[in-house]
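Below is one structure, written out as structure tokens; the observations come after it.
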Amino acid sequence: MTPERLIKLTIVCLLASQCIACATVPSNSADVGPSVAESDPWEPFNRSVYAFNNQVDSIVLRPLAQTYDQITPRPAKRGVSNFFDNLTSPWITGQLLLQGRFRDGSEQFGRFFINTVYGVGGLFDMADRHQLPNHETDLGATLAKWGWQESRFVMLPLLGPSTLRDGLGQITEILVEPMDQELRKRTGPGVTALDVVQTRSGFLGMDETIAESYDAYAFIRDGWLQRRQYQLYGEETALPDYDDFLEEDDGSFSP
């Protein structure tokens, strides 16, 4: 792997880490069921990796995202976001077709065609104005559809919260997504950095919520697992009410 490709992969990994880690958790859910605990048998290792990822974000990514958010006009940020979202449409279309979702796949390809041709390369979301649905899926979802439904939770270095199945999907997507790879080959690492920073800036509002949680690692893990469960199967798992937990805490802590 060339140094330039390694830099690209590292930056994109940081992006994935922050996008996934900022999944939200409902405030009115019940106690965690056994499925959450059983899915995280590597918790000590995962916690150490989370601490490392958090340090990288605090030192590098968050300050850049805050600066970008402050100096970039809202219409410009929206256009940049639309552009990078449009780049993923061919990959999403392929995954939808592999999952047997042919109608969804045709709609997603239609979005890509309309936004690319009439939306100035994707800067404007013209397909949304025509009420064309925007579908979200990935290779991990395709593997789940093919039968790999249960997978162990793991906190990946730089990539963040995932499972063995979804981690494989993430890495594959980073390395082979066609439109994204072609753009970065032509433009260099600057475009990759812009993609990372603008996406991270969209989740700055979650920083305070995560920081105030009693256990940030558990908060992110449980939220990610619930979000992923809903994405794959349309089902929500029971998660703890962290706000109530904090109110009931007497200030003492026992390891």
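Ligands are numbered from 1 in the order shown, chains are lettered A, B, ... in the order of the structure tokens, and residues start at 1 in each chain.
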
I need the residues of segment 23-246 of chain A that end up classed as helix (DSSP H, G or I) by DSSP on the backbone, written out as a CSV table (one decimal) with N, CA and C atoms, in the first residue's frame.
chain,number,residue,atom,x,y,z
A,34,PRO,N,-30.3,-9.2,27.7
A,34,PRO,CA,-29.1,-10.0,27.7
A,34,PRO,C,-28.3,-10.0,26.4
A,35,SER,N,-29.1,-9.7,25.3
A,35,SER,CA,-28.4,-9.7,24.0
A,35,SER,C,-27.3,-8.7,23.9
A,36,VAL,N,-27.4,-7.5,24.6
A,36,VAL,CA,-26.3,-6.5,24.5
A,36,VAL,C,-25.1,-7.0,25.2
A,37,ALA,N,-25.2,-7.6,26.4
A,37,ALA,CA,-24.0,-8.1,27.1
A,37,ALA,C,-23.4,-9.3,26.4
A,38,GLU,N,-24.2,-10.1,25.8
A,38,GLU,CA,-23.7,-11.3,25.2
A,38,GLU,C,-23.0,-10.9,23.9
A,43,GLU,N,-15.2,-6.7,25.8
A,43,GLU,CA,-15.4,-5.4,26.3
A,43,GLU,C,-14.1,-4.7,26.8
A,44,PRO,N,-13.3,-5.4,27.6
A,44,PRO,CA,-12.0,-4.7,28.0
A,44,PRO,C,-11.2,-4.2,26.8
A,45,PHE,N,-11.0,-5.1,25.8
A,45,PHE,CA,-10.3,-4.6,24.6
A,45,PHE,C,-11.0,-3.5,23.9
A,46,ASN,N,-12.3,-3.6,23.8
A,46,ASN,CA,-13.1,-2.6,23.1
A,46,ASN,C,-13.0,-1.3,23.8
A,47,ARG,N,-13.0,-1.3,25.1
A,47,ARG,CA,-12.9,0.0,25.9
A,47,ARG,C,-11.6,0.7,25.6
A,48,SER,N,-10.5,-0.1,25.6
A,48,SER,CA,-9.2,0.5,25.3
A,48,SER,C,-9.1,1.1,23.9
A,49,VAL,N,-9.7,0.4,23.0
A,49,VAL,CA,-9.7,1.0,21.6
A,49,VAL,C,-10.6,2.2,21.5
A,50,TYR,N,-11.7,2.2,22.2
A,50,TYR,CA,-12.6,3.4,22.3
A,50,TYR,C,-11.8,4.6,22.8
A,51,ALA,N,-11.0,4.4,23.9
A,51,ALA,CA,-10.3,5.5,24.5
A,51,ALA,C,-9.3,6.1,23.5
A,52,PHE,N,-8.6,5.2,22.7
A,52,PHE,CA,-7.7,5.6,21.7
A,52,PHE,C,-8.4,6.4,20.6
A,53,ASN,N,-9.5,5.9,20.1
A,53,ASN,CA,-10.3,6.6,19.1
A,53,ASN,C,-10.7,8.0,19.6
A,54,ASN,N,-11.2,8.1,20.8
A,54,ASN,CA,-11.6,9.3,21.4
A,54,ASN,C,-10.5,10.3,21.4
A,55,GLN,N,-9.3,9.9,21.8
A,55,GLN,CA,-8.2,10.8,21.8
A,55,GLN,C,-7.8,11.4,20.4
A,56,VAL,N,-7.9,10.5,19.4
A,56,VAL,CA,-7.6,10.9,18.0
A,56,VAL,C,-8.6,12.0,17.6
A,57,ASP,N,-9.9,11.7,17.9
A,57,ASP,CA,-11.0,12.6,17.6
A,57,ASP,C,-10.8,14.0,18.3
A,58,SER,N,-10.4,13.9,19.6
A,58,SER,CA,-10.3,15.2,20.4
A,58,SER,C,-9.2,16.0,19.9
A,59,ILE,N,-8.1,15.4,19.5
A,59,ILE,CA,-6.9,16.1,19.1
A,59,ILE,C,-6.9,16.6,17.6
A,60,VAL,N,-7.5,15.8,16.7
A,60,VAL,CA,-7.4,16.1,15.3
A,60,VAL,C,-8.8,16.5,14.7
A,61,LEU,N,-9.7,15.6,14.8
A,61,LEU,CA,-10.9,15.7,14.0
A,61,LEU,C,-11.9,16.7,14.5
A,62,ARG,N,-12.2,16.7,15.8
A,62,ARG,CA,-13.2,17.7,16.3
A,62,ARG,C,-12.8,19.1,16.1
A,63,PRO,N,-11.5,19.5,16.4
A,63,PRO,CA,-11.2,20.9,16.2
A,63,PRO,C,-11.3,21.3,14.7
A,64,LEU,N,-11.0,20.5,13.8
A,64,LEU,CA,-11.1,20.8,12.4
A,64,LEU,C,-12.6,21.0,12.0
A,65,ALA,N,-13.4,20.1,12.6
A,65,ALA,CA,-14.9,20.1,12.3
A,65,ALA,C,-15.5,21.4,12.9
A,66,GLN,N,-15.1,21.8,14.0
A,66,GLN,CA,-15.6,23.0,14.7
A,66,GLN,C,-15.2,24.2,13.8
A,67,THR,N,-14.0,24.3,13.4
A,67,THR,CA,-13.6,25.4,12.5
A,67,THR,C,-14.3,25.4,11.2
A,68,TYR,N,-14.5,24.3,10.6
A,68,TYR,CA,-15.3,24.2,9.3
A,68,TYR,C,-16.7,24.7,9.6
A,69,ASP,N,-17.3,24.3,10.7
A,69,ASP,CA,-18.7,24.6,10.9
A,69,ASP,C,-18.8,26.1,11.1
A,70,GLN,N,-17.8,26.8,11.7
A,70,GLN,CA,-17.9,28.2,12.0
A,70,GLN,C,-17.7,29.1,10.8
A,71,ILE,N,-16.9,28.7,9.9
A,71,ILE,CA,-16.5,29.5,8.8
A,71,ILE,C,-17.2,29.2,7.5
A,74,ARG,N,-24.0,28.0,5.5
A,74,ARG,CA,-24.9,26.8,5.5
A,74,ARG,C,-25.2,26.3,4.1
A,75,PRO,N,-25.5,27.1,3.1
A,75,PRO,CA,-25.7,26.6,1.7
A,75,PRO,C,-24.5,25.8,1.2
A,76,ALA,N,-23.3,26.3,1.5
A,76,ALA,CA,-22.1,25.6,1.0
A,76,ALA,C,-21.9,24.3,1.7
A,77,LYS,N,-22.2,24.2,3.0
A,77,LYS,CA,-22.1,22.9,3.7
A,77,LYS,C,-23.1,21.9,3.1
A,78,ARG,N,-24.3,22.4,2.8
A,78,ARG,CA,-25.3,21.5,2.3
A,78,ARG,C,-24.9,21.0,0.9
A,79,GLY,N,-24.3,21.9,0.1
A,79,GLY,CA,-23.9,21.4,-1.2
A,79,GLY,C,-22.8,20.4,-1.2
A,80,VAL,N,-21.8,20.6,-0.3
A,80,VAL,CA,-20.7,19.6,-0.1
A,80,VAL,C,-21.3,18.3,0.4
A,81,SER,N,-22.2,18.3,1.3
A,81,SER,CA,-22.8,17.1,1.9
A,81,SER,C,-23.6,16.4,0.8
A,82,ASN,N,-24.3,17.1,0.0
A,82,ASN,CA,-25.1,16.5,-1.2
A,82,ASN,C,-24.1,15.8,-2.1
A,83,PHE,N,-23.0,16.5,-2.4
A,83,PHE,CA,-22.0,16.0,-3.4
A,83,PHE,C,-21.5,14.6,-3.0
A,84,PHE,N,-21.1,14.5,-1.7
A,84,PHE,CA,-20.5,13.3,-1.2
A,84,PHE,C,-21.5,12.2,-1.1
A,85,ASP,N,-22.7,12.6,-0.7
A,85,ASP,CA,-23.8,11.6,-0.6
A,85,ASP,C,-24.1,11.0,-2.0
A,86,ASN,N,-24.1,11.8,-3.0
A,86,ASN,CA,-24.4,11.4,-4.3
A,86,ASN,C,-23.3,10.4,-4.8
A,87,LEU,N,-22.1,10.5,-4.4
A,87,LEU,CA,-21.0,9.6,-4.8
A,87,LEU,C,-21.3,8.2,-4.3
A,89,SER,N,-24.2,6.7,-4.1
A,89,SER,CA,-25.4,6.1,-4.7
A,89,SER,C,-25.1,4.9,-5.6
A,90,PRO,N,-24.1,4.8,-6.4
A,90,PRO,CA,-23.9,3.6,-7.2
A,90,PRO,C,-23.6,2.4,-6.3
A,91,TRP,N,-22.8,2.6,-5.3
A,91,TRP,CA,-22.5,1.5,-4.4
A,91,TRP,C,-23.7,1.0,-3.7
A,92,ILE,N,-24.5,2.0,-3.2
A,92,ILE,CA,-25.8,1.6,-2.5
A,92,ILE,C,-26.7,0.9,-3.5
A,93,THR,N,-26.8,1.4,-4.7
A,93,THR,CA,-27.6,0.7,-5.7
A,93,THR,C,-27.2,-0.8,-5.9
A,94,GLY,N,-25.9,-1.0,-6.0
A,94,GLY,CA,-25.4,-2.4,-6.1
A,94,GLY,C,-25.8,-3.3,-4.9
A,95,GLN,N,-25.7,-2.7,-3.7
A,95,GLN,CA,-26.0,-3.5,-2.5
A,95,GLN,C,-27.5,-3.8,-2.5
A,96,LEU,N,-28.4,-2.8,-2.9
A,96,LEU,CA,-29.8,-3.0,-2.9
A,96,LEU,C,-30.2,-4.2,-3.9
A,97,LEU,N,-29.5,-4.2,-5.1
A,97,LEU,CA,-29.8,-5.2,-6.0
A,97,LEU,C,-29.3,-6.6,-5.5
A,98,LEU,N,-28.1,-6.6,-4.8
A,98,LEU,CA,-27.7,-7.9,-4.3
A,98,LEU,C,-28.6,-8.4,-3.2
A,102,PHE,N,-35.0,-4.8,-5.9
A,102,PHE,CA,-34.8,-4.3,-7.2
A,102,PHE,C,-35.5,-2.9,-7.4
A,103,ARG,N,-36.7,-2.7,-6.9
A,103,ARG,CA,-37.4,-1.4,-7.0
A,103,ARG,C,-36.6,-0.3,-6.3
A,104,ASP,N,-36.1,-0.7,-5.1
A,104,ASP,CA,-35.3,0.3,-4.3
A,104,ASP,C,-34.0,0.6,-5.1
A,105,GLY,N,-33.4,-0.4,-5.7
A,105,GLY,CA,-32.2,-0.2,-6.4
A,105,GLY,C,-32.4,0.7,-7.6
A,106,SER,N,-33.5,0.5,-8.3
A,106,SER,CA,-33.8,1.4,-9.5
A,106,SER,C,-34.1,2.8,-9.0
A,107,GLU,N,-34.7,3.0,-7.9
A,107,GLU,CA,-35.0,4.4,-7.4
A,107,GLU,C,-33.7,5.0,-7.0
A,108,GLN,N,-32.8,4.3,-6.4
A,108,GLN,CA,-31.5,4.9,-5.9
A,108,GLN,C,-30.7,5.3,-7.1
A,109,PHE,N,-30.7,4.4,-8.2
A,109,PHE,CA,-29.9,4.8,-9.4
A,109,PHE,C,-30.5,6.0,-10.1
A,110,GLY,N,-31.9,6.1,-10.0
A,110,GLY,CA,-32.6,7.3,-10.5
A,110,GLY,C,-32.1,8.5,-9.8
A,111,ARG,N,-31.9,8.4,-8.5
A,111,ARG,CA,-31.5,9.6,-7.7
A,111,ARG,C,-30.1,10.0,-8.2
A,112,PHE,N,-29.2,9.0,-8.4
A,112,PHE,CA,-27.9,9.3,-8.8
A,112,PHE,C,-27.9,10.0,-10.2
A,113,PHE,N,-28.7,9.5,-11.1
A,113,PHE,CA,-28.7,10.0,-12.5
A,113,PHE,C,-29.3,11.5,-12.5
A,114,ILE,N,-30.4,11.7,-11.7
A,114,ILE,CA,-31.0,13.0,-11.7
A,114,ILE,C,-30.0,14.0,-11.0
A,115,ASN,N,-29.5,13.7,-9.9
A,115,ASN,CA,-28.6,14.6,-9.2
A,115,ASN,C,-27.3,14.9,-9.9
A,116,THR,N,-26.8,13.9,-10.6
A,116,THR,CA,-25.5,14.1,-11.3
A,116,THR,C,-25.8,15.0,-12.5
A,117,VAL,N,-26.8,14.7,-13.3
A,117,VAL,CA,-27.1,15.4,-14.5
A,117,VAL,C,-27.7,16.8,-14.3
A,118,TYR,N,-28.7,16.9,-13.4
A,118,TYR,CA,-29.4,18.1,-13.2
A,118,TYR,C,-29.1,18.8,-11.9
A,126,MET,N,-31.7,17.4,-6.5
A,126,MET,CA,-32.9,17.6,-7.4
A,126,MET,C,-33.9,16.4,-7.2
A,127,ALA,N,-33.3,15.2,-7.0
A,127,ALA,CA,-34.2,14.0,-6.8
A,127,ALA,C,-35.1,14.2,-5.6
A,128,ASP,N,-34.6,14.8,-4.6
A,128,ASP,CA,-35.4,15.0,-3.4
A,128,ASP,C,-36.6,15.9,-3.7
A,129,ARG,N,-36.4,16.9,-4.5
A,129,ARG,CA,-37.5,17.8,-4.9
A,129,ARG,C,-38.5,17.1,-5.7
A,139,LEU,N,-22.7,-3.1,2.7
A,139,LEU,CA,-22.3,-4.4,2.4
A,139,LEU,C,-22.6,-5.3,3.7
A,140,GLY,N,-22.5,-4.7,4.9
A,140,GLY,CA,-22.8,-5.5,6.1
A,140,GLY,C,-24.3,-5.9,6.0
A,141,ALA,N,-25.2,-5.1,5.6
A,141,ALA,CA,-26.6,-5.4,5.5
A,141,ALA,C,-26.8,-6.5,4.4
A,142,THR,N,-26.0,-6.5,3.3
A,142,THR,CA,-26.1,-7.5,2.3
A,142,THR,C,-25.6,-8.8,2.9
A,143,LEU,N,-24.5,-8.9,3.7
A,143,LEU,CA,-24.1,-10.1,4.3
A,143,LEU,C,-25.1,-10.6,5.3
A,144,ALA,N,-25.8,-9.7,6.0
A,144,ALA,CA,-26.8,-10.2,6.9
A,144,ALA,C,-28.0,-10.8,6.1
A,145,LYS,N,-28.3,-10.2,5.0
A,145,LYS,CA,-29.4,-10.7,4.1
A,145,LYS,C,-29.1,-12.1,3.6
A,164,LEU,N,-18.0,-7.9,13.6
A,164,LEU,CA,-17.1,-8.6,12.7
A,164,LEU,C,-17.6,-8.5,11.3
A,165,ARG,N,-18.9,-8.7,11.1
A,165,ARG,CA,-19.6,-8.7,9.8
A,165,ARG,C,-19.5,-7.3,9.2
A,166,ASP,N,-20.0,-6.3,10.0
A,166,ASP,CA,-20.1,-5.0,9.5
A,166,ASP,C,-18.7,-4.3,9.3
A,167,GLY,N,-17.7,-4.7,10.1
A,167,GLY,CA,-16.4,-4.2,10.0
A,167,GLY,C,-15.8,-4.7,8.7
A,168,LEU,N,-16.0,-5.9,8.3
A,168,LEU,CA,-15.6,-6.4,7.0
A,168,LEU,C,-16.2,-5.6,5.9
A,169,GLY,N,-17.5,-5.3,6.0
A,169,GLY,CA,-18.2,-4.6,5.0
A,169,GLY,C,-17.6,-3.1,4.9
A,170,GLN,N,-17.3,-2.5,6.0
A,170,GLN,CA,-16.8,-1.2,6.0
A,170,GLN,C,-15.4,-1.1,5.3
A,171,ILE,N,-14.5,-2.0,5.7
A,171,ILE,CA,-13.2,-2.0,5.1
A,171,ILE,C,-13.3,-2.2,3.6
A,172,THR,N,-14.1,-3.2,3.2
A,172,THR,CA,-14.3,-3.5,1.8
A,172,THR,C,-14.8,-2.2,1.0
A,173,GLU,N,-15.8,-1.6,1.6
A,173,GLU,CA,-16.3,-0.4,1.0
A,173,GLU,C,-15.3,0.7,0.8
A,174,ILE,N,-14.5,1.0,1.9
A,174,ILE,CA,-13.5,2.0,1.8
A,174,ILE,C,-12.5,1.7,0.7
A,175,LEU,N,-12.2,0.5,0.5
A,175,LEU,CA,-11.1,0.2,-0.5
A,175,LEU,C,-11.6,0.0,-1.9
A,176,VAL,N,-12.9,-0.3,-2.1
A,176,VAL,CA,-13.3,-0.6,-3.5
A,176,VAL,C,-14.4,0.2,-4.0
A,178,PRO,N,-16.4,2.3,-6.2
A,178,PRO,CA,-15.9,2.8,-7.4
A,178,PRO,C,-15.9,4.3,-7.7
A,179,MET,N,-17.0,4.9,-7.5
A,179,MET,CA,-17.1,6.4,-7.7
A,179,MET,C,-16.2,7.1,-6.8
A,180,ASP,N,-16.2,6.8,-5.5
A,180,ASP,CA,-15.4,7.4,-4.5
A,180,ASP,C,-13.9,7.3,-4.8
A,181,GLN,N,-13.5,6.1,-5.2
A,181,GLN,CA,-12.1,5.8,-5.5
A,181,GLN,C,-11.6,6.6,-6.7
A,182,GLU,N,-12.5,6.7,-7.7
A,182,GLU,CA,-12.1,7.4,-8.9
A,182,GLU,C,-11.9,8.9,-8.6
A,183,LEU,N,-12.8,9.5,-7.8
A,183,LEU,CA,-12.7,10.9,-7.5
A,183,LEU,C,-11.4,11.2,-6.7
A,184,ARG,N,-11.1,10.3,-5.7
A,184,ARG,CA,-10.0,10.6,-4.9
A,184,ARG,C,-8.7,10.3,-5.7
A,185,LYS,N,-8.7,9.4,-6.6
A,185,LYS,CA,-7.6,9.2,-7.5
A,185,LYS,C,-7.2,10.5,-8.3
A,186,ARG,N,-8.3,11.2,-8.8
A,186,ARG,CA,-8.1,12.3,-9.6
A,186,ARG,C,-7.8,13.6,-8.8
A,187,THR,N,-8.3,13.7,-7.6
A,187,THR,CA,-8.2,14.9,-6.9
A,187,THR,C,-7.2,14.9,-5.7
A,189,PRO,N,-5.7,13.7,-1.7
A,189,PRO,CA,-6.2,13.5,-0.4
A,189,PRO,C,-7.0,14.7,0.2
A,190,GLY,N,-6.9,15.9,-0.5
A,190,GLY,CA,-7.7,17.1,-0.1
A,190,GLY,C,-9.2,16.9,0.0
A,191,VAL,N,-9.7,16.2,-1.1
A,191,VAL,CA,-11.1,15.9,-1.1
A,191,VAL,C,-11.5,15.0,0.0
A,192,THR,N,-10.7,14.0,0.2
A,192,THR,CA,-11.0,13.0,1.3
A,192,THR,C,-11.1,13.8,2.6
A,193,ALA,N,-10.1,14.7,2.9
A,193,ALA,CA,-10.1,15.4,4.1
A,193,ALA,C,-11.4,16.3,4.3
A,194,LEU,N,-11.8,16.9,3.2
A,194,LEU,CA,-13.0,17.7,3.2
A,194,LEU,C,-14.2,16.8,3.5
A,195,ASP,N,-14.3,15.7,2.9
A,195,ASP,CA,-15.4,14.7,3.2
A,195,ASP,C,-15.4,14.4,4.7
A,196,VAL,N,-14.3,14.1,5.3
A,196,VAL,CA,-14.2,13.7,6.7
A,196,VAL,C,-14.7,14.9,7.6
A,197,VAL,N,-14.1,16.1,7.3
A,197,VAL,CA,-14.4,17.2,8.2
A,197,VAL,C,-15.9,17.6,8.1
A,198,GLN,N,-16.4,17.7,6.9
A,198,GLN,CA,-17.8,18.1,6.8
A,198,GLN,C,-18.8,17.2,7.4
A,199,THR,N,-18.5,15.9,7.3
A,199,THR,CA,-19.4,14.9,7.9
A,199,THR,C,-19.3,14.9,9.4
A,200,ARG,N,-18.1,15.1,9.9
A,200,ARG,CA,-17.9,15.2,11.4
A,200,ARG,C,-18.6,16.4,12.0
A,201,SER,N,-18.6,17.5,11.2
A,201,SER,CA,-19.2,18.7,11.7
A,201,SER,C,-20.7,18.5,11.9
A,204,LEU,N,-21.5,17.4,15.5
A,204,LEU,CA,-21.0,18.2,16.7
A,204,LEU,C,-22.0,18.3,17.8
A,205,GLY,N,-23.3,18.4,17.4
A,205,GLY,CA,-24.3,18.5,18.4
A,205,GLY,C,-24.5,17.3,19.4
A,206,MET,N,-23.9,16.2,19.0
A,206,MET,CA,-24.0,15.0,19.8
A,206,MET,C,-22.8,14.9,20.9
A,207,ASP,N,-21.8,15.8,20.7
A,207,ASP,CA,-20.6,15.7,21.6
A,207,ASP,C,-21.0,15.9,23.1
A,208,GLU,N,-21.8,16.9,23.3
A,208,GLU,CA,-22.2,17.2,24.7
A,208,GLU,C,-23.0,16.0,25.3
A,209,THR,N,-23.9,15.5,24.6
A,209,THR,CA,-24.7,14.3,25.1
A,209,THR,C,-23.8,13.2,25.4
A,210,ILE,N,-22.9,12.8,24.6
A,210,ILE,CA,-22.0,11.7,24.9
A,210,ILE,C,-21.1,12.0,26.1
A,211,ALA,N,-20.6,13.3,26.1
A,211,ALA,CA,-19.7,13.6,27.2
A,211,ALA,C,-20.4,13.6,28.6
A,212,GLU,N,-21.7,13.9,28.6
A,212,GLU,CA,-22.5,13.9,29.9
A,212,GLU,C,-23.0,12.5,30.3
A,216,ALA,N,-19.7,6.7,28.6
A,216,ALA,CA,-19.7,7.0,27.2
A,216,ALA,C,-19.6,5.8,26.3
A,217,TYR,N,-18.7,4.9,26.7
A,217,TYR,CA,-18.5,3.7,25.9
A,217,TYR,C,-19.8,2.9,25.7
A,218,ALA,N,-20.5,2.6,26.9
A,218,ALA,CA,-21.7,1.8,26.9
A,218,ALA,C,-22.8,2.6,26.1
A,219,PHE,N,-22.8,3.9,26.3
A,219,PHE,CA,-23.8,4.7,25.6
A,219,PHE,C,-23.7,4.5,24.1
A,220,ILE,N,-22.5,4.6,23.6
A,220,ILE,CA,-22.2,4.5,22.2
A,220,ILE,C,-22.5,3.1,21.7
A,221,ARG,N,-22.0,2.1,22.4
A,221,ARG,CA,-22.2,0.7,22.1
A,221,ARG,C,-23.6,0.4,22.0
A,222,ASP,N,-24.4,0.7,23.0
A,222,ASP,CA,-25.8,0.3,23.0
A,222,ASP,C,-26.6,1.1,21.9
A,223,GLY,N,-26.3,2.3,21.8
A,223,GLY,CA,-27.0,3.1,20.7
A,223,GLY,C,-26.7,2.5,19.3
A,224,TRP,N,-25.4,2.2,19.1
A,224,TRP,CA,-25.0,1.6,17.8
A,224,TRP,C,-25.7,0.3,17.5
A,225,LEU,N,-25.8,-0.6,18.6
A,225,LEU,CA,-26.4,-1.9,18.4
A,225,LEU,C,-27.9,-1.7,18.1
A,226,GLN,N,-28.5,-0.8,18.8
A,226,GLN,CA,-30.0,-0.6,18.6
A,226,GLN,C,-30.2,-0.1,17.2
A,227,ARG,N,-29.4,0.9,16.8
A,227,ARG,CA,-29.6,1.5,15.5
A,227,ARG,C,-29.3,0.5,14.4
A,228,ARG,N,-28.3,-0.3,14.6
A,228,ARG,CA,-28.0,-1.4,13.6
A,228,ARG,C,-29.1,-2.4,13.5
A,229,GLN,N,-29.7,-2.8,14.6
A,229,GLN,CA,-30.7,-3.7,14.7
A,229,GLN,C,-31.9,-3.2,13.9
A,230,TYR,N,-32.2,-1.9,14.1
A,230,TYR,CA,-33.4,-1.4,13.4
A,230,TYR,C,-33.1,-1.3,11.9
A,231,GLN,N,-31.9,-0.9,11.5
A,231,GLN,CA,-31.5,-0.8,10.1
A,231,GLN,C,-31.7,-2.1,9.4
A,232,LEU,N,-31.3,-3.2,10.0
A,232,LEU,CA,-31.3,-4.5,9.4
A,232,LEU,C,-32.6,-5.2,9.4
A,233,TYR,N,-33.3,-5.1,10.6
A,233,TYR,CA,-34.5,-5.9,10.8
A,233,TYR,C,-35.7,-5.1,11.1
A,242,TYR,N,-30.3,6.5,30.4
A,242,TYR,CA,-29.2,7.1,31.1
A,242,TYR,C,-29.5,8.3,31.9
A,243,ASP,N,-30.5,9.1,31.5
A,243,ASP,CA,-30.9,10.2,32.2
A,243,ASP,C,-31.4,9.9,33.6
A,244,ASP,N,-32.3,8.9,33.6
A,244,ASP,CA,-32.8,8.4,34.9
A,244,ASP,C,-31.7,7.8,35.8
A,245,PHE,N,-30.8,7.1,35.2
A,245,PHE,CA,-29.7,6.5,35.9
A,245,PHE,C,-28.9,7.6,36.6
A,246,LEU,N,-28.6,8.7,35.9
A,246,LEU,CA,-27.8,9.8,36.5
A,246,LEU,C,-28.5,10.5,37.6

Practice prompt. For atom CA of Trp42 of chain A and atom CA of Met155 of chain A, determine how far apart the two atoms are, in Å to one decimal place.
Written response: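 Atom CA of Met155 of chain A lies at a distance of 8.9 Å from atom CA of Trp42 of chain A.
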
Response to the item:
Expressed in Å, the length from atom CA of Asp40 of chain A to atom CA of Leu159 of chain A is 16.7 Å
